[in-house]
>>> print(open('model-v2.pdb').read())   # PDB, C-alpha atoms, pLDDT in the B column
ATOM      1  CA  ILE A  46       0.000   0.000   0.000  1.00 86.00           C
ATOM      2  CA  ASP A  47       1.475   3.323  -1.078  1.00 90.00           C
ATOM      3  CA  VAL A  48      -1.015   5.694   0.549  1.00 93.00           C
ATOM      4  CA  LEU A  49      -3.715   5.277   3.165  1.00 95.00           C
ATOM      5  CA  LEU A  50      -6.573   7.787   3.222  1.00 96.00           C
ATOM      6  CA  PRO A  51      -8.131   7.713   6.713  1.00 96.00           C
ATOM      7  CA  VAL A  52     -11.403   9.587   7.058  1.00 95.00           C
ATOM      8  CA  SER A  53     -10.346  11.546  10.150  1.00 94.00           C
ATOM      9  CA  GLU A  54      -7.371  12.323  12.345  1.00 94.00           C
ATOM     10  CA  PHE A  55      -8.764   9.886  14.890  1.00 94.00           C
ATOM     11  CA  VAL A  56      -8.769   6.993  12.388  1.00 96.00           C
ATOM     12  CA  ARG A  57      -5.264   7.989  11.298  1.00 96.00           C
ATOM     13  CA  ASP A  58      -3.982   7.877  14.865  1.00 95.00           C
ATOM     14  CA  GLU A  59      -5.657   4.506  15.462  1.00 95.00           C
ATOM     15  CA  LEU A  60      -3.928   3.091  12.375  1.00 96.00           C
ATOM     16  CA  VAL A  61      -0.592   4.481  13.518  1.00 96.00           C
ATOM     17  CA  ALA A  62      -1.109   2.850  16.914  1.00 96.00           C
ATOM     18  CA  ALA A  63      -1.800  -0.440  15.093  1.00 96.00           C
ATOM     19  CA  GLY A  64       1.587  -0.214  13.394  1.00 95.00           C
ATOM     20  CA  PHE A  65       0.932   1.503  10.072  1.00 95.00           C
ATOM     21  CA  ASP A  66       3.386   4.058   8.714  1.00 95.00           C
ATOM     22  CA  ARG A  67       2.206   7.585   9.512  1.00 95.00           C
ATOM     23  CA  SER A  68       4.201   9.036   6.616  1.00 94.00           C
ATOM     24  CA  ARG A  69       1.990   7.129   4.165  1.00 94.00           C
ATOM     25  CA  MET A  70      -1.243   8.614   5.499  1.00 95.00           C
ATOM     26  CA  VAL A  71      -3.234  11.568   4.219  1.00 96.00           C
ATOM     27  CA  VAL A  72      -6.551  12.407   5.877  1.00 96.00           C
ATOM     28  CA  ARG A  73      -9.365  12.603   3.312  1.00 96.00           C
ATOM     29  CA  PRO A  74     -12.569  13.531   5.127  1.00 95.00           C
ATOM     30  CA  ASN A  75     -16.072  12.687   4.014  1.00 95.00           C
ATOM     31  CA  PHE A  76     -18.154  15.435   2.451  1.00 96.00           C
ATOM     32  CA  VAL A  77     -21.820  16.394   2.294  1.00 95.00           C
ATOM     33  CA  ASP A  78     -23.783  18.376  -0.266  1.00 94.00           C
ATOM     34  CA  ASP A  79     -23.507  22.133   0.078  1.00 94.00           C
ATOM     35  CA  PRO A  80     -26.998  23.611   0.573  1.00 94.00           C
ATOM     36  CA  GLY A  81     -25.740  26.954  -0.730  1.00 88.00           C
ATOM     37  CA  ASP A  82     -26.886  30.159   0.929  1.00 81.00           C
ATOM     38  CA  VAL A  83     -27.516  29.593   4.640  1.00 84.00           C
ATOM     39  CA  ASP A  84     -30.029  31.254   6.924  1.00 78.00           C
ATOM     40  CA  ASP A  85     -28.283  33.992   8.912  1.00 78.00           C
ATOM     41  CA  ARG A  86     -31.033  34.078  11.524  1.00 82.00           C
ATOM     42  CA  ALA A  87     -30.305  32.637  14.963  1.00 83.00           C
ATOM     43  CA  GLY A  88     -31.283  29.028  15.477  1.00 91.00           C
ATOM     44  CA  ASP A  89     -33.648  27.730  18.134  1.00 94.00           C
ATOM     45  CA  GLY A  90     -32.290  25.392  20.785  1.00 96.00           C
ATOM     46  CA  PHE A  91     -30.471  22.070  20.503  1.00 98.00           C
ATOM     47  CA  VAL A  92     -31.078  18.930  18.464  1.00 98.00           C
ATOM     48  CA  PHE A  93     -29.906  15.315  18.562  1.00 98.00           C
ATOM     49  CA  GLY A  94     -30.476  12.928  15.684  1.00 97.00           C
ATOM     50  CA  GLY A  95     -29.484   9.267  15.745  1.00 95.00           C
ATOM     51  CA  ARG A  96     -30.060   5.838  17.207  1.00 95.00           C
ATOM     52  CA  LEU A  97     -31.511   5.952  20.699  1.00 97.00           C
ATOM     53  CA  THR A  98     -28.958   3.541  22.154  1.00 96.00           C
ATOM     54  CA  ASP A  99     -26.401   3.534  24.960  1.00 95.00           C
ATOM     55  CA  ASP A 100     -23.407   3.896  22.640  1.00 95.00           C
ATOM     56  CA  LYS A 101     -24.776   7.166  21.264  1.00 96.00           C
ATOM     57  CA  GLY A 102     -24.546   8.787  24.706  1.00 96.00           C
ATOM     58  CA  VAL A 103     -28.281   9.455  24.925  1.00 97.00           C
ATOM     59  CA  VAL A 104     -28.643   8.859  28.667  1.00 96.00           C
ATOM     60  CA  GLU A 105     -25.588  10.967  29.503  1.00 97.00           C
ATOM     61  CA  MET A 106     -26.849  13.745  27.238  1.00 98.00           C
ATOM     62  CA  ILE A 107     -30.256  13.830  28.922  1.00 97.00           C
ATOM     63  CA  GLU A 108     -28.759  13.810  32.407  1.00 97.00           C
ATOM     64  CA  GLY A 109     -26.319  16.561  31.434  1.00 98.00           C
ATOM     65  CA  TRP A 110     -29.205  18.558  29.989  1.00 98.00           C
ATOM     66  CA  LYS A 111     -31.139  18.270  33.242  1.00 98.00           C
ATOM     67  CA  ARG A 112     -28.144  19.225  35.387  1.00 98.00           C
ATOM     68  CA  SER A 113     -27.294  22.240  33.232  1.00 97.00           C
ATOM     69  CA  GLY A 114     -30.562  24.062  33.907  1.00 96.00           C
ATOM     70  CA  ILE A 115     -30.346  25.426  30.393  1.00 96.00           C
ATOM     71  CA  TRP A 116     -33.814  24.062  29.724  1.00 96.00           C
ATOM     72  CA  ASN A 117     -35.068  27.247  31.375  1.00 96.00           C
ATOM     73  CA  ARG A 118     -34.073  29.089  28.182  1.00 95.00           C
ATOM     74  CA  HIS A 119     -33.729  26.467  25.456  1.00 97.00           C
ATOM     75  CA  ARG A 120     -35.304  23.263  24.194  1.00 97.00           C
ATOM     76  CA  LEU A 121     -33.722  19.941  23.200  1.00 98.00           C
ATOM     77  CA  ARG A 122     -35.314  18.101  20.290  1.00 98.00           C
ATOM     78  CA  ILE A 123     -34.482  14.407  19.860  1.00 98.00           C
ATOM     79  CA  ALA A 124     -35.016  12.565  16.570  1.00 97.00           C
ATOM     80  CA  GLY A 125     -34.532   8.851  16.141  1.00 96.00           C
ATOM     81  CA  SER A 126     -35.690   5.458  17.297  1.00 96.00           C
ATOM     82  CA  GLY A 127     -34.289   2.642  19.386  1.00 96.00           C
ATOM     83  CA  PRO A 128     -34.467   0.904  22.755  1.00 96.00           C
ATOM     84  CA  LEU A 129     -34.187   4.164  24.716  1.00 96.00           C
ATOM     85  CA  ALA A 130     -37.251   5.739  23.076  1.00 94.00           C
ATOM     86  CA  GLU A 131     -39.348   5.127  26.196  1.00 93.00           C
ATOM     87  CA  VAL A 132     -36.767   6.953  28.314  1.00 92.00           C
ATOM     88  CA  ILE A 133     -37.191   9.989  26.079  1.00 93.00           C
ATOM     89  CA  ASP A 134     -40.975   9.809  26.174  1.00 92.00           C
ATOM     90  CA  ASP A 135     -41.035   9.651  29.992  1.00 93.00           C
ATOM     91  CA  ILE A 136     -38.992  12.801  30.640  1.00 96.00           C
ATOM     92  CA  ASP A 137     -40.731  15.436  32.758  1.00 96.00           C
ATOM     93  CA  PRO A 138     -42.127  18.102  30.379  1.00 96.00           C
ATOM     94  CA  ARG A 139     -40.526  20.881  32.433  1.00 96.00           C
ATOM     95  CA  PHE A 140     -37.143  19.884  30.983  1.00 97.00           C
ATOM     96  CA  ARG A 141     -38.361  20.833  27.493  1.00 97.00           C
ATOM     97  CA  VAL A 142     -37.137  17.681  25.755  1.00 97.00           C
ATOM     98  CA  GLU A 143     -39.202  17.134  22.595  1.00 97.00           C
ATOM     99  CA  PRO A 144     -39.190  13.634  21.050  1.00 97.00           C
ATOM    100  CA  LEU A 145     -39.599  13.772  17.277  1.00 96.00           C
ATOM    101  CA  GLY A 146     -39.516  10.040  16.617  1.00 95.00           C
ATOM    102  CA  LEU A 147     -38.021   8.614  13.450  1.00 95.00           C
ATOM    103  CA  VAL A 148     -37.819  11.249  10.707  1.00 95.00           C
ATOM    104  CA  SER A 149     -36.570  11.181   7.125  1.00 96.00           C
ATOM    105  CA  HIS A 150     -33.122  12.462   6.268  1.00 95.00           C
ATOM    106  CA  ASP A 151     -34.521  15.495   4.452  1.00 95.00           C
ATOM    107  CA  GLU A 152     -36.720  16.338   7.428  1.00 97.00           C
ATOM    108  CA  MET A 153     -33.751  15.912   9.763  1.00 97.00           C
ATOM    109  CA  LEU A 154     -31.741  18.416   7.738  1.00 96.00           C
ATOM    110  CA  ARG A 155     -34.606  20.896   8.072  1.00 96.00           C
ATOM    111  CA  VAL A 156     -34.680  20.378  11.850  1.00 97.00           C
ATOM    112  CA  VAL A 157     -30.897  20.847  12.032  1.00 97.00           C
ATOM    113  CA  ALA A 158     -31.148  24.107  10.097  1.00 95.00           C
ATOM    114  CA  GLU A 159     -33.815  25.369  12.507  1.00 96.00           C
ATOM    115  CA  ALA A 160     -31.802  24.523  15.625  1.00 97.00           C
ATOM    116  CA  ALA A 161     -28.832  26.520  16.894  1.00 97.00           C
ATOM    117  CA  VAL A 162     -26.653  23.575  17.971  1.00 98.00           C
ATOM    118  CA  THR A 163     -26.431  19.919  16.926  1.00 98.00           C
ATOM    119  CA  VAL A 164     -25.468  17.545  19.758  1.00 98.00           C
ATOM    120  CA  VAL A 165     -23.335  14.435  19.103  1.00 97.00           C
ATOM    121  CA  PRO A 166     -22.540  12.963  22.551  1.00 97.00           C
ATOM    122  CA  SER A 167     -21.453   9.449  21.478  1.00 95.00           C
ATOM    123  CA  SER A 168     -19.626   7.413  24.090  1.00 94.00           C
ATOM    124  CA  TRP A 169     -18.186   5.030  21.478  1.00 92.00           C
ATOM    125  CA  PRO A 170     -15.479   6.282  19.091  1.00 93.00           C
ATOM    126  CA  GLU A 171     -17.269   7.411  15.934  1.00 92.00           C
ATOM    127  CA  PRO A 172     -14.854   7.273  12.960  1.00 94.00           C
ATOM    128  CA  PHE A 173     -16.179  10.564  11.581  1.00 94.00           C
ATOM    129  CA  GLY A 174     -19.537  12.205  12.323  1.00 92.00           C
ATOM    130  CA  ARG A 175     -21.548  13.205   9.263  1.00 94.00           C
ATOM    131  CA  GLY A 176     -24.137  15.061  11.352  1.00 95.00           C
ATOM    132  CA  VAL A 177     -21.535  17.569  12.506  1.00 97.00           C
ATOM    133  CA  ILE A 178     -20.654  18.703   8.994  1.00 97.00           C
ATOM    134  CA  GLU A 179     -24.288  18.630   7.858  1.00 97.00           C
ATOM    135  CA  ALA A 180     -24.904  21.170  10.617  1.00 97.00           C
ATOM    136  CA  ALA A 181     -21.792  23.165   9.704  1.00 97.00           C
ATOM    137  CA  ALA A 182     -22.915  23.324   6.070  1.00 97.00           C
ATOM    138  CA  ARG A 183     -26.038  25.086   7.334  1.00 96.00           C
ATOM    139  CA  GLY A 184     -24.108  27.526   9.491  1.00 96.00           C
ATOM    140  CA  ARG A 185     -24.840  25.686  12.742  1.00 97.00           C
ATOM    141  CA  ALA A 186     -22.400  24.804  15.496  1.00 97.00           C
ATOM    142  CA  ALA A 187     -22.074  21.401  17.180  1.00 98.00           C
ATOM    143  CA  LEU A 188     -21.567  20.162  20.720  1.00 98.00           C
ATOM    144  CA  VAL A 189     -19.675  16.887  20.482  1.00 98.00           C
ATOM    145  CA  SER A 190     -18.105  14.165  22.546  1.00 96.00           C
ATOM    146  CA  SER A 191     -14.347  13.965  22.906  1.00 96.00           C
ATOM    147  CA  ALA A 192     -14.544  10.252  22.012  1.00 91.00           C
ATOM    148  CA  GLY A 193     -13.560   9.353  18.476  1.00 91.00           C
ATOM    149  CA  GLY A 194     -13.551  11.249  15.223  1.00 92.00           C
ATOM    150  CA  VAL A 195     -16.314  13.759  15.932  1.00 94.00           C
ATOM    151  CA  ALA A 196     -13.944  15.801  18.099  1.00 95.00           C
ATOM    152  CA  SER A 197     -11.645  16.341  15.103  1.00 93.00           C
ATOM    153  CA  LEU A 198     -14.509  18.055  13.255  1.00 95.00           C
ATOM    154  CA  VAL A 199     -14.898  20.817  15.848  1.00 96.00           C
ATOM    155  CA  VAL A 200     -12.555  23.516  17.122  1.00 96.00           C
ATOM    156  CA  ASP A 201     -13.578  23.941  20.756  1.00 97.00           C
ATOM    157  CA  GLY A 202     -14.945  27.393  21.458  1.00 96.00           C
ATOM    158  CA  GLU A 203     -14.555  28.415  17.808  1.00 97.00           C
ATOM    159  CA  THR A 204     -16.834  26.201  15.685  1.00 97.00           C
ATOM    160  CA  GLY A 205     -18.542  24.404  18.561  1.00 97.00           C
ATOM    161  CA  TRP A 206     -17.848  22.723  21.878  1.00 98.00           C
ATOM    162  CA  ILE A 207     -16.133  19.487  22.920  1.00 98.00           C
ATOM    163  CA  ALA A 208     -16.864  17.624  26.160  1.00 97.00           C
ATOM    164  CA  GLU A 209     -16.107  14.320  27.801  1.00 96.00           C
ATOM    165  CA  PRO A 210     -19.098  11.979  27.353  1.00 94.00           C
ATOM    166  CA  ASP A 211     -20.302  12.156  30.951  1.00 96.00           C
ATOM    167  CA  PRO A 212     -23.218  14.110  32.474  1.00 97.00           C
ATOM    168  CA  ASP A 213     -21.227  16.739  34.367  1.00 98.00           C
ATOM    169  CA  ALA A 214     -18.974  17.581  31.423  1.00 98.00           C
ATOM    170  CA  LEU A 215     -21.934  17.700  29.064  1.00 98.00           C
ATOM    171  CA  ALA A 216     -23.835  19.938  31.490  1.00 98.00           C
ATOM    172  CA  ALA A 217     -20.947  22.398  31.494  1.00 98.00           C
ATOM    173  CA  ALA A 218     -20.779  22.258  27.695  1.00 98.00           C
ATOM    174  CA  PHE A 219     -24.508  22.913  27.399  1.00 98.00           C
ATOM    175  CA  LEU A 220     -24.032  26.038  29.488  1.00 97.00           C
ATOM    176  CA  ARG A 221     -21.162  27.210  27.280  1.00 96.00           C
ATOM    177  CA  ALA A 222     -23.194  26.513  24.155  1.00 97.00           C
ATOM    178  CA  GLY A 223     -26.308  28.232  25.491  1.00 95.00           C
ATOM    179  CA  ASP A 224     -25.074  31.751  24.831  1.00 93.00           C
ATOM    180  CA  ASP A 225     -26.888  33.225  21.820  1.00 92.00           C
ATOM    181  CA  ASP A 226     -23.915  35.268  20.627  1.00 94.00           C
ATOM    182  CA  ALA A 227     -21.604  32.248  20.901  1.00 95.00           C
ATOM    183  CA  GLN A 228     -24.059  30.134  18.911  1.00 96.00           C
ATOM    184  CA  ARG A 229     -24.105  32.626  16.047  1.00 94.00           C
ATOM    185  CA  ARG A 230     -20.341  33.181  16.123  1.00 95.00           C
ATOM    186  CA  CYS A 231     -19.548  29.464  16.187  1.00 96.00           C
ATOM    187  CA  GLY A 232     -22.138  28.782  13.516  1.00 96.00           C
ATOM    188  CA  ARG A 233     -20.482  31.236  11.123  1.00 95.00           C
ATOM    189  CA  ALA A 234     -17.051  29.776  11.858  1.00 97.00           C
ATOM    190  CA  ALA A 235     -18.380  26.229  11.366  1.00 97.00           C
ATOM    191  CA  ARG A 236     -19.701  27.189   7.928  1.00 96.00           C
ATOM    192  CA  ALA A 237     -16.321  28.683   6.987  1.00 96.00           C
ATOM    193  CA  ARG A 238     -14.530  25.515   8.116  1.00 96.00           C
ATOM    194  CA  PHE A 239     -16.986  23.404   6.139  1.00 97.00           C
ATOM    195  CA  GLU A 240     -16.158  25.396   3.004  1.00 96.00           C
ATOM    196  CA  ARG A 241     -12.430  24.788   3.534  1.00 95.00           C
ATOM    197  CA  HIS A 242     -12.462  21.095   4.396  1.00 95.00           C
ATOM    198  CA  TYR A 243     -15.763  19.251   3.951  1.00 96.00           C
ATOM    199  CA  THR A 244     -17.222  20.203   0.577  1.00 96.00           C
ATOM    200  CA  GLU A 245     -17.214  17.760  -2.330  1.00 96.00           C
ATOM    201  CA  ALA A 246     -14.494  19.791  -4.043  1.00 96.00           C
ATOM    202  CA  ALA A 247     -12.270  19.816  -0.955  1.00 95.00           C
ATOM    203  CA  SER A 248     -12.617  16.094  -0.252  1.00 95.00           C
ATOM    204  CA  LEU A 249     -12.256  14.923  -3.837  1.00 95.00           C
ATOM    205  CA  GLY A 250      -9.405  17.388  -4.278  1.00 96.00           C
ATOM    206  CA  VAL A 251      -7.370  15.434  -1.732  1.00 95.00           C
ATOM    207  CA  LEU A 252      -8.177  12.201  -3.562  1.00 95.00           C
ATOM    208  CA  ASP A 253      -7.234  13.721  -6.930  1.00 95.00           C
ATOM    209  CA  GLU A 254      -3.926  14.985  -5.566  1.00 94.00           C
ATOM    210  CA  GLN A 255      -2.998  11.561  -4.229  1.00 94.00           C
ATOM    211  CA  LEU A 256      -4.043   9.684  -7.360  1.00 93.00           C
ATOM    212  CA  THR A 257      -2.114  12.139  -9.528  1.00 94.00           C
ATOM    213  CA  ALA A 258       1.004  11.720  -7.385  1.00 91.00           C
ATOM    214  CA  LEU A 259       0.713   7.931  -7.576  1.00 90.00           C
ATOM    215  CA  ALA A 260       0.180   7.997 -11.327  1.00 90.00           C
ATOM    216  CA  HIS A 261       3.388   9.985 -11.865  1.00 88.00           C
ATOM    217  CA  ARG A 262       5.472   8.119  -9.320  1.00 81.00           C
ATOM    218  CA  GLY A 263       8.353   6.480 -11.134  1.00 64.00           C
ATOM    219  CA  ALA A 264       7.198   7.788 -14.526  1.00 59.00           C
ATOM    220  CA  PRO A 265       9.924   8.596 -17.093  1.00 55.00           C
ATOM    221  CA  ARG A 266      11.182  12.149 -16.930  1.00 52.00           C
TER     222      ARG A 266
END
>>> encode(input="model-v2.pdb", output="structure tokens")
Amino acid sequence: IDVLLPVSEFVRDELVAAGFDRSRMVVRPNFVDDPGDVDDRAGDGFVFGGRLTDDKGVVEMIEGWKRSGIWNRHRLRIAGSGPLAEVIDDIDPRFRVEPLGLVSHDEMLRVVAEAAVTVVPSSWPEPFGRGVIEAAARGRAALVSSAGGVASLVVDGETGWIAEPDPDALAAAFLRAGDDDAQRRCGRAARARFERHYTEAASLGVLDEQLTALAHRGAPR
């Protein structure tokens, strides 16, 4: 193998730890479609979209939300299905957690665009984290877990917020992310970072560069 193209810095580091040659690695991130012009208006609250399972950090997210007290000013919308759906449905209404159930991908993108912050609190190491850049493409910041590849998609305090996947750390992150000015500032910065790294042109540009280099390696001068 001449070149390995890991999808994130996290995957790269895992491969290095497994014995692969770091010098042969170039990170080529996934990309999502660019929706074009984004809504400059402030978003409304927080949103989680994904499987309602333990590995997605759902329980820790809910407990952190409760401890933060931020539900006095914001709402948390949760889209998805899974074994923890009943836990979501049974939450005291005063905490302003709104279960949306299973929604289509297009509908989820609309919900993400309406929210101010996308939450990805996974306790297992996600290789990448498509939802983070789908939010960034729409000018929305993300609050993510420090576990796995999602953390490499966010610059803490600049394009979003990073926290350990436990209730107390998530509660503190919710408080940091609850500031309206910070949400707008981080959302704009997230969109700018998306344009630099996670568009189709940016991602396929890395691939093209590597294929071109391989094609000319050892070619006659």
>>> closest_residue(input="model-v2.pdb", among="A:Arg57, A:Lys101, A:His150, A:Arg183", to="A:Pro128", atoms="all atoms listed in the file")
A:Lys101
>>> residues_around(input="model-v2.pdb", residues="A:Asp201", least_positions_apart="3", cutoff="10 Å", atoms="all atoms listed in the file", output="list in words")
Ala187, Leu188, Val189, Ala196, Ser197, Leu198, Thr204, Gly205, Trp206, Ile207, Ala208 and Cys231 of chain A
>>> closest_residue(input="model-v2.pdb", among="A:Val200, A:Val48, A:Val164, A:Val104", to="A:Val132", atoms="only C-alpha atoms")
A:Val104
>>> atom_distance(input="model-v2.pdb", atom1="atom CA of A:Glu152", atom2="atom CA of A:Ala216")
27.5 Å
>>> resolve_selection(input="model-v2.pdb", expression="the PyMOL selection byres ((chain A and resi 111-115) around 9)", output="ChimeraX atom specification")
/A:106-110,116-120,140,212-213,215-220,223
>>> resolve_selection(input="model-v2.pdb", expression="the PyMOL selection byres ((chain A and resi 234) around 9)", output="VMD selection string")
chain A and resid 181 184 to 186 203 to 205 229 to 233 235 to 239
>>> resolve_selection(input="model-v2.pdb", expression="the PyMOL selection byres ((chain A and resi 65) around 12)", output="MDAnalysis selection string")
chainID A and resid 46:51 56:64 66:70
>>> atom_distance(input="model-v2.pdb", atom1="atom CA of A:Ile123", atom2="atom CA of A:Ala158")
14.2 Å
>>> atom_distance(input="model-v2.pdb", atom1="atom CA of A:Leu259", atom2="atom CA of A:Ala246")
19.6 Å
>>> decode(input="model-v2.pdb", residues="stretch 187-210 of chain A", atoms="N, CA, C and O atoms", output="JSON list (two decimals), in the first residue's frame")
[["chain", "number", "residue", "atom", "x", "y", "z"],
["A", 187, "ALA", "N", -21.82, 22.72, 16.62],
["A", 187, "ALA", "CA", -22.07, 21.40, 17.18],
["A", 187, "ALA", "C", -21.43, 21.27, 18.55],
["A", 187, "ALA", "O", -20.35, 21.82, 18.80],
["A", 188, "LEU", "N", -22.11, 20.55, 19.42],
["A", 188, "LEU", "CA", -21.57, 20.16, 20.72],
["A", 188, "LEU", "C", -21.30, 18.67, 20.64],
["A", 188, "LEU", "O", -22.23, 17.88, 20.45],
["A", 189, "VAL", "N", -20.04, 18.28, 20.76],
["A", 189, "VAL", "CA", -19.67, 16.89, 20.48],
["A", 189, "VAL", "C", -18.88, 16.26, 21.62],
["A", 189, "VAL", "O", -18.28, 16.95, 22.45],
["A", 190, "SER", "N", -18.88, 14.94, 21.60],
["A", 190, "SER", "CA", -18.10, 14.17, 22.55],
["A", 190, "SER", "C", -16.63, 14.19, 22.16],
["A", 190, "SER", "O", -16.27, 14.30, 20.98],
["A", 191, "SER", "N", -15.78, 14.04, 23.15],
["A", 191, "SER", "CA", -14.35, 13.96, 22.91],
["A", 191, "SER", "C", -13.93, 12.58, 22.43],
["A", 191, "SER", "O", -12.77, 12.37, 22.07],
["A", 192, "ALA", "N", -14.85, 11.62, 22.41],
["A", 192, "ALA", "CA", -14.54, 10.25, 22.01],
["A", 192, "ALA", "C", -14.60, 10.12, 20.50],
["A", 192, "ALA", "O", -15.60, 10.43, 19.88],
["A", 193, "GLY", "N", -13.53, 9.67, 19.89],
["A", 193, "GLY", "CA", -13.56, 9.35, 18.48],
["A", 193, "GLY", "C", -13.37, 10.52, 17.54],
["A", 193, "GLY", "O", -12.85, 11.58, 17.91],
["A", 194, "GLY", "N", -13.82, 10.31, 16.29],
["A", 194, "GLY", "CA", -13.55, 11.25, 15.22],
["A", 194, "GLY", "C", -14.36, 12.52, 15.24],
["A", 194, "GLY", "O", -13.98, 13.50, 14.58],
["A", 195, "VAL", "N", -15.49, 12.54, 15.95],
["A", 195, "VAL", "CA", -16.31, 13.76, 15.93],
["A", 195, "VAL", "C", -15.56, 14.95, 16.51],
["A", 195, "VAL", "O", -15.76, 16.09, 16.08],
["A", 196, "ALA", "N", -14.68, 14.70, 17.48],
["A", 196, "ALA", "CA", -13.94, 15.80, 18.10],
["A", 196, "ALA", "C", -13.01, 16.48, 17.11],
["A", 196, "ALA", "O", -12.73, 17.68, 17.24],
["A", 197, "SER", "N", -12.55, 15.74, 16.08],
["A", 197, "SER", "CA", -11.65, 16.34, 15.10],
["A", 197, "SER", "C", -12.38, 17.25, 14.14],
["A", 197, "SER", "O", -11.75, 18.00, 13.38],
["A", 198, "LEU", "N", -13.72, 17.22, 14.15],
["A", 198, "LEU", "CA", -14.51, 18.05, 13.26],
["A", 198, "LEU", "C", -14.86, 19.40, 13.86],
["A", 198, "LEU", "O", -15.45, 20.25, 13.18],
["A", 199, "VAL", "N", -14.51, 19.60, 15.13],
["A", 199, "VAL", "CA", -14.90, 20.82, 15.85],
["A", 199, "VAL", "C", -13.66, 21.45, 16.48],
["A", 199, "VAL", "O", -12.82, 20.75, 17.04],
["A", 200, "VAL", "N", -13.57, 22.76, 16.38],
["A", 200, "VAL", "CA", -12.55, 23.52, 17.12],
["A", 200, "VAL", "C", -13.25, 24.08, 18.35],
["A", 200, "VAL", "O", -14.15, 24.92, 18.23],
["A", 201, "ASP", "N", -12.87, 23.59, 19.52],
["A", 201, "ASP", "CA", -13.58, 23.94, 20.76],
["A", 201, "ASP", "C", -13.58, 25.44, 21.00],
["A", 201, "ASP", "O", -12.53, 26.10, 20.98],
["A", 202, "GLY", "N", -14.79, 25.98, 21.20],
["A", 202, "GLY", "CA", -14.94, 27.39, 21.46],
["A", 202, "GLY", "C", -14.91, 28.26, 20.21],
["A", 202, "GLY", "O", -15.16, 29.47, 20.29],
["A", 203, "GLU", "N", -14.64, 27.65, 19.06],
["A", 203, "GLU", "CA", -14.56, 28.42, 17.81],
["A", 203, "GLU", "C", -15.64, 28.00, 16.82],
["A", 203, "GLU", "O", -16.35, 28.84, 16.28],
["A", 204, "THR", "N", -15.77, 26.68, 16.58],
["A", 204, "THR", "CA", -16.83, 26.20, 15.68],
["A", 204, "THR", "C", -17.85, 25.34, 16.44],
["A", 204, "THR", "O", -18.76, 24.80, 15.83],
["A", 205, "GLY", "N", -17.65, 25.22, 17.74],
["A", 205, "GLY", "CA", -18.54, 24.40, 18.56],
["A", 205, "GLY", "C", -17.91, 24.14, 19.91],
["A", 205, "GLY", "O", -17.03, 24.90, 20.36],
["A", 206, "TRP", "N", -18.30, 23.02, 20.53],
["A", 206, "TRP", "CA", -17.85, 22.72, 21.88],
["A", 206, "TRP", "C", -17.59, 21.22, 21.99],
["A", 206, "TRP", "O", -18.34, 20.40, 21.46],
["A", 207, "ILE", "N", -16.52, 20.89, 22.72],
["A", 207, "ILE", "CA", -16.13, 19.49, 22.92],
["A", 207, "ILE", "C", -16.18, 19.18, 24.41],
["A", 207, "ILE", "O", -15.71, 19.96, 25.23],
["A", 208, "ALA", "N", -16.75, 18.01, 24.75],
["A", 208, "ALA", "CA", -16.86, 17.62, 26.16],
["A", 208, "ALA", "C", -16.65, 16.13, 26.32],
["A", 208, "ALA", "O", -16.95, 15.35, 25.40],
["A", 209, "GLU", "N", -16.16, 15.75, 27.47],
["A", 209, "GLU", "CA", -16.11, 14.32, 27.80],
["A", 209, "GLU", "C", -17.54, 13.78, 27.83],
["A", 209, "GLU", "O", -18.47, 14.51, 28.22],
["A", 210, "PRO", "N", -17.74, 12.52, 27.42],
["A", 210, "PRO", "CA", -19.10, 11.98, 27.35],
["A", 210, "PRO", "C", -19.64, 11.53, 28.70],
["A", 210, "PRO", "O", -19.99, 10.36, 28.91]]
